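Listing of run.txt, compact mmCIF, C-alpha atoms
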# COMPACT_ATOMS: atom_id res chain seq x y z
CA LEU A 74 -55.35 4.93 74.61
CA ARG A 75 -56.61 2.53 77.26
CA ASN A 76 -55.58 -0.91 75.97
CA PRO A 77 -51.89 -1.10 75.02
CA THR A 78 -51.18 -3.54 72.19
CA ALA A 79 -48.13 -4.90 70.39
CA PRO A 80 -46.04 -2.30 68.50
CA ILE A 81 -47.52 -1.08 65.22
CA ILE A 82 -45.28 -0.44 62.17
CA LEU A 83 -46.46 2.13 59.61
CA HIS A 84 -45.10 3.21 56.22
CA LEU A 85 -45.79 6.93 55.93
CA ALA A 86 -46.60 8.80 52.71
CA ASP A 87 -43.24 10.61 52.81
CA GLY A 88 -41.40 7.28 52.67
CA ARG A 89 -40.47 7.01 56.34
CA TRP A 90 -41.15 3.97 58.50
CA VAL A 91 -42.27 4.45 62.11
CA ARG A 92 -42.89 2.05 64.97
CA ILE A 93 -45.61 3.01 67.46
CA SER A 94 -45.59 1.33 70.86
CA GLU A 95 -47.83 1.91 73.89
CA ARG A 96 -47.37 1.39 77.61
CA ARG A 97 -49.49 2.01 80.69
CA THR A 98 -48.58 4.66 83.21
CA ASP A 99 -48.79 4.29 86.97
CA GLU A 100 -51.78 6.59 86.90
CA GLY A 101 -53.71 4.13 84.72
CA GLY A 102 -53.28 6.02 81.47
CA CYS A 103 -51.31 5.10 78.32
CA VAL A 104 -48.26 6.65 76.63
CA GLY A 105 -47.65 6.28 72.89
CA VAL A 106 -44.04 6.28 71.62
CA TRP A 107 -43.21 6.99 67.96
CA GLN A 108 -39.82 5.76 66.72
CA ASP A 109 -38.37 6.42 63.25
CA ILE A 110 -37.09 3.05 61.96
CA THR A 111 -36.46 4.04 58.32
CA ASP A 112 -32.74 3.18 58.48
CA LEU A 113 -33.53 -0.16 60.13
CA LYS A 114 -36.04 -1.06 57.39
CA ALA A 115 -33.47 -0.07 54.73
CA ARG A 116 -30.90 -2.41 56.27
CA GLU A 117 -33.48 -5.20 56.44
CA ALA A 118 -34.26 -4.70 52.74
CA GLU A 119 -30.54 -4.83 51.88
CA LEU A 120 -30.13 -8.05 53.87
CA GLU A 121 -33.12 -9.59 52.10
CA LEU A 122 -31.66 -8.69 48.70
CA ALA A 123 -28.29 -10.13 49.70
CA ARG A 124 -29.96 -13.31 50.95
CA ASP A 125 -31.96 -13.69 47.73
CA ALA A 126 -28.83 -13.10 45.63
CA ALA A 127 -26.91 -15.70 47.64
CA MET A 128 -29.73 -18.22 47.21
CA GLN A 129 -29.86 -17.58 43.45
CA THR A 130 -26.09 -18.00 43.19
CA SER A 131 -26.24 -21.23 45.18
CA GLN A 132 -29.04 -22.57 42.99
CA ALA A 133 -27.17 -21.53 39.85
CA LYS A 134 -24.00 -23.28 41.03
CA SER A 135 -25.97 -26.43 41.86
CA GLY A 136 -27.53 -26.37 38.42
CA PHE A 137 -24.14 -25.70 36.86
CA LEU A 138 -22.55 -28.64 38.67
CA ALA A 139 -25.33 -30.93 37.50
CA THR A 140 -24.94 -29.68 33.92
CA MET A 141 -21.14 -29.76 34.04
CA SER A 142 -21.05 -33.31 35.39
CA HIS A 143 -23.17 -34.38 32.42
CA GLU A 144 -21.10 -32.29 29.99
CA LEU A 145 -17.85 -33.82 31.27
CA ARG A 146 -19.13 -37.39 31.29
CA THR A 147 -20.50 -37.25 27.73
CA PRO A 148 -17.18 -36.74 25.87
CA LEU A 149 -15.30 -38.85 28.39
CA ASN A 150 -17.68 -41.78 27.87
CA ALA A 151 -17.32 -41.36 24.12
CA ILE A 152 -13.53 -41.47 24.39
CA ILE A 153 -13.58 -44.56 26.62
CA GLY A 154 -16.26 -46.38 24.64
CA LEU A 155 -14.71 -45.82 21.22
CA SER A 156 -11.21 -46.62 22.52
CA GLU A 157 -12.46 -49.89 23.99
CA MET A 158 -14.11 -50.83 20.70
CA LEU A 159 -10.95 -50.07 18.74
CA THR A 160 -8.82 -52.04 21.21
CA GLN A 161 -11.02 -55.09 21.69
CA HIS A 162 -12.48 -55.43 18.19
CA ALA A 163 -9.77 -53.98 15.99
CA ASP A 164 -10.15 -56.83 13.47
CA ARG A 165 -13.78 -55.86 12.80
CA PHE A 166 -12.99 -52.30 11.75
CA THR A 167 -12.30 -51.27 8.20
CA ALA A 168 -9.71 -48.54 7.67
CA GLU A 169 -12.46 -46.01 6.95
CA ARG A 170 -14.47 -46.94 10.05
CA ARG A 171 -11.33 -46.87 12.21
CA LEU A 172 -10.47 -43.39 10.94
CA GLU A 173 -14.00 -42.15 11.67
CA SER A 174 -13.81 -43.52 15.23
CA GLN A 175 -10.45 -41.83 15.74
CA ARG A 176 -11.91 -38.51 14.55
CA ARG A 177 -14.76 -38.85 17.03
CA ILE A 178 -12.30 -39.58 19.83
CA LEU A 179 -10.25 -36.51 18.86
CA ASN A 180 -13.34 -34.26 18.77
CA ALA A 181 -14.56 -35.57 22.13
CA GLY A 182 -11.10 -35.02 23.63
CA ARG A 183 -10.97 -31.43 22.39
CA HIS A 184 -14.47 -30.74 23.72
CA LEU A 185 -13.49 -32.17 27.11
CA LEU A 186 -10.32 -30.08 27.19
CA ASN A 187 -12.28 -26.89 26.43
CA LEU A 188 -14.69 -27.61 29.30
CA ILE A 189 -11.84 -28.24 31.73
CA ASN A 190 -10.02 -25.09 30.58
CA ASP A 191 -13.14 -22.99 31.23
CA VAL A 192 -13.47 -24.33 34.78
CA LEU A 193 -9.75 -23.80 35.48
CA ASP A 194 -9.82 -20.26 34.04
CA LEU A 195 -12.75 -19.32 36.26
CA ALA A 196 -11.00 -20.79 39.29
CA LYS A 197 -7.85 -18.77 38.50
CA ILE A 198 -9.87 -15.57 38.09
CA GLU A 199 -11.69 -16.15 41.39
CA ALA A 200 -8.33 -16.67 43.11
CA GLY A 201 -6.83 -13.57 41.45
CA ARG A 202 -4.16 -15.62 39.72
CA ILE A 203 -4.66 -14.60 36.10
CA ASP A 204 -1.59 -12.68 34.95
CA LEU A 205 -1.86 -10.87 31.61
CA GLN A 206 1.16 -11.09 29.31
CA LEU A 207 0.95 -7.69 27.62
CA GLU A 208 2.79 -7.24 24.33
CA ALA A 209 2.43 -5.51 20.97
CA CYS A 210 -0.09 -7.45 18.86
CA ASP A 211 -0.76 -7.18 15.16
CA VAL A 212 -4.54 -6.93 14.89
CA ALA A 213 -4.76 -8.40 11.38
CA SER A 214 -2.81 -11.51 12.44
CA LEU A 215 -4.96 -11.87 15.56
CA VAL A 216 -8.20 -11.58 13.58
CA ASN A 217 -7.06 -13.97 10.84
CA ASP A 218 -6.09 -16.55 13.46
CA VAL A 219 -9.47 -16.23 15.23
CA ILE A 220 -11.47 -16.40 11.99
CA ALA A 221 -9.62 -19.53 10.87
CA THR A 222 -10.82 -21.24 14.05
CA ALA A 223 -14.33 -19.76 13.99
CA ARG A 224 -15.14 -20.42 10.33
CA PRO A 225 -15.83 -24.17 10.80
CA LEU A 226 -18.15 -23.28 13.70
CA ALA A 227 -20.09 -20.93 11.42
CA GLU A 228 -20.25 -23.46 8.58
CA LYS A 229 -21.56 -26.13 10.94
CA ASN A 230 -24.85 -24.21 11.23
CA ASP A 231 -24.77 -22.93 7.62
CA ASN A 232 -23.89 -19.40 8.69
CA ALA A 233 -22.04 -16.83 6.61
CA LEU A 234 -19.08 -15.31 8.50
CA HIS A 235 -18.21 -11.69 7.57
CA VAL A 236 -15.11 -9.77 8.65
CA ILE A 237 -14.75 -5.99 8.46
CA LEU A 238 -11.09 -5.10 9.08
CA PRO A 239 -9.77 -1.74 7.82
CA PRO A 240 -6.18 -1.92 6.53
CA ASP A 241 -4.97 0.94 8.74
CA ILE A 242 -5.76 -0.62 12.14
CA PRO A 243 -2.71 0.02 14.35
CA PRO A 244 -1.06 -2.62 16.59
CA VAL A 245 -2.44 -2.92 20.12
CA ARG A 246 -0.86 -3.71 23.46
CA ALA A 247 -2.69 -6.72 24.85
CA ASP A 248 -2.44 -10.33 25.97
CA ALA A 249 -2.80 -12.01 22.56
CA MET A 250 -3.88 -15.37 24.00
CA ARG A 251 -6.62 -13.84 26.17
CA ALA A 252 -7.77 -11.52 23.38
CA ARG A 253 -8.05 -14.55 21.10
CA GLN A 254 -9.96 -16.44 23.81
CA ILE A 255 -12.46 -13.59 24.26
CA LEU A 256 -13.09 -13.22 20.53
CA LEU A 257 -13.53 -16.97 20.09
CA ASN A 258 -15.99 -17.08 23.00
CA LEU A 259 -18.05 -14.32 21.42
CA LEU A 260 -17.89 -15.78 17.91
CA SER A 261 -18.61 -19.35 19.02
CA ASN A 262 -21.68 -18.14 20.92
CA ALA A 263 -22.85 -16.21 17.86
CA CYS A 264 -22.34 -19.29 15.68
CA LYS A 265 -24.10 -21.63 18.11
CA PHE A 266 -27.21 -19.49 18.47
CA THR A 267 -27.50 -18.65 14.77
CA ARG A 268 -28.65 -21.05 12.08
CA ASN A 269 -28.78 -20.30 8.35
CA GLY A 270 -27.91 -16.70 9.17
CA GLU A 271 -24.98 -14.31 9.39
CA VAL A 272 -22.22 -13.75 11.95
CA SER A 273 -19.90 -10.75 11.76
CA LEU A 274 -16.70 -9.45 13.34
CA THR A 275 -16.12 -5.72 12.90
CA VAL A 276 -12.85 -4.05 13.92
CA SER A 277 -12.56 -0.28 14.28
CA THR A 278 -10.59 2.43 16.07
CA VAL A 279 -12.27 4.52 18.77
CA ARG A 280 -11.15 7.57 20.71
CA GLU A 281 -10.28 6.77 24.33
CA GLY A 282 -9.05 9.69 26.39
CA SER A 283 -6.18 11.34 24.54
CA GLY A 284 -5.40 8.28 22.43
CA LEU A 285 -6.90 5.60 20.24
CA ALA A 286 -8.14 2.13 21.11
CA VAL A 287 -9.24 -0.77 18.94
CA ALA A 288 -12.81 -2.05 19.29
CA PHE A 289 -14.01 -5.51 18.28
CA ALA A 290 -17.75 -5.98 17.72
CA VAL A 291 -19.42 -9.35 17.14
CA GLY A 292 -22.92 -9.44 15.66
CA ASP A 293 -25.30 -12.17 14.54
CA THR A 294 -28.81 -12.78 13.26
CA GLY A 295 -29.54 -15.50 15.81
CA ILE A 296 -32.32 -16.15 18.31
CA GLY A 297 -31.69 -12.99 20.35
CA LEU A 298 -32.25 -12.34 24.05
CA THR A 299 -35.04 -10.93 26.19
CA GLU A 300 -34.33 -8.04 28.58
CA GLU A 301 -34.46 -10.49 31.50
CA GLN A 302 -31.90 -12.75 29.82
CA MET A 303 -29.68 -9.76 29.03
CA ALA A 304 -29.60 -8.84 32.71
CA LYS A 305 -27.86 -12.11 33.62
CA LEU A 306 -25.84 -12.54 30.42
CA PHE A 307 -22.43 -12.31 32.13
CA THR A 308 -23.34 -14.19 35.32
CA GLU A 309 -21.28 -17.27 36.10
CA PHE A 310 -23.03 -20.65 35.85
CA VAL A 311 -26.17 -19.13 34.28
CA GLN A 312 -27.60 -19.85 30.84
CA ALA A 313 -30.36 -17.84 29.19
CA ASP A 314 -32.86 -20.45 30.43
CA ALA A 315 -32.88 -24.08 31.50
CA SER A 316 -33.40 -25.40 27.98
CA THR A 317 -30.47 -23.47 26.50
CA ALA A 318 -27.75 -25.78 27.82
CA ARG A 319 -29.62 -28.86 26.62
CA GLU A 320 -30.29 -27.56 23.13
CA TYR A 321 -27.10 -25.66 22.41
CA GLY A 322 -24.57 -27.42 24.64
CA VAL A 323 -23.38 -24.38 26.61
CA THR A 324 -22.28 -24.18 30.24
CA GLY A 325 -22.68 -20.47 31.01
CA LEU A 326 -18.98 -19.74 31.60
CA GLY A 327 -17.59 -18.33 28.34
CA LEU A 328 -19.05 -14.83 28.55
CA ALA A 329 -18.47 -14.57 32.30
CA ILE A 330 -14.79 -15.48 31.83
CA SER A 331 -14.48 -13.06 28.90
CA ARG A 332 -15.85 -10.15 30.92
CA ARG A 333 -13.77 -10.91 34.00
Spell out the structure here as structure tokens.
Amino acid sequence: LRNPTAPIILHLADGRWVRISERRTDEGGCVGVWQDITDLKAREAELELARDAAMQTSQAKSGFLATMSHELRTPLNAIIGLSEMLTQHADRFTAERRLESQRRILNAGRHLLNLINDVLDLAKIEAGRIDLQLEACDVASLVNDVIATARPLAEKNDNALHVILPPDIPPVRADAMRARQILLNLLSNACKFTRNGEVSLTVSTVREGSGLAVAFAVGDTGIGLTEEQMAKLFTEFVQADASTAREYGVTGLGLAISRR
């Protein structure tokens, strides 16, 4: 070794990383130093993964904000526009046309409220301020209430909605409002992504430790998901792909909120 160079980094067959450096001696020779840097390379890899995850989250949030701003403006503009028409040109509206405009305003208002509630729920969860109000809940009443709300969503896309609810399902201890919210999120997703198909809600008892629990399963015959899409299914601000929000009008918060 007569001409020392910059340090060389090698990945050995056994998985270790080593750094080889050289320096001249006073006698004119060269000394080679081997240093195991496996732990250092592992930390570098972890930092790179964390950086990439942070960048993806930032990009997802930016995309979400762009989508959400559009989603919020659309119903709000409809409410303002139709209200202005009804106020300024009331004499031009027949009773039937006025009623139709009022229905559209009501639907836009409800859609806007749902969007705002999703954002507020996520903010509460992030801040650790969601308190569950646990109480004894009758499962049949809970399911019937959810199905009554979900059925119009299923019919909108010509879907058949099936419910499997055994008569001997025991009461559960849960937050009824949050349980209803979770089931509606799952069912509304199933109804949105299924057309001319079937959506189902199956309720059953399962063994959990020394006792019983009640399981709710939602199924559909919709468009399905790839393995890559499944991996980010419960990630905040993320849809299956960029075209999903445009085509199906989703914001990527419902499932994330449900899981959290």
- If we count all atoms listed in the file, what is near Leu205 (chain A) at a cut-off of 10 Å, once residues fewer than 2 positions away on the same chain are taken out, given as a ChimeraX atom specification? /A:202-203,207-208,247-251
- Item | Residues near Leu238 (chain A), cut-off 8 Å, all atoms listed in the file, skip fewer than 4 positions along chain, as a ChimeraX atom specification | /A:213,242,275-277
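Computed from the coordinates, the CA of Leu179 (chain A) to CA of Asp231 (chain A) distance equals 22.8 Å.
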- Query: What is the distance between CA of Leu113 (chain A) and CA of Val91 (chain A), in Å to one decimal?
  - Reply: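 Here the two named atoms are 10.1 Å from each other.
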- Between A:Arg116, A:Lys305, A:Arg89, A:Arg253, single out the one closest to Phe289 (chain A), counting only C-alpha atoms.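 Selected residue with least distance to Phe289 (chain A): A:Arg253.
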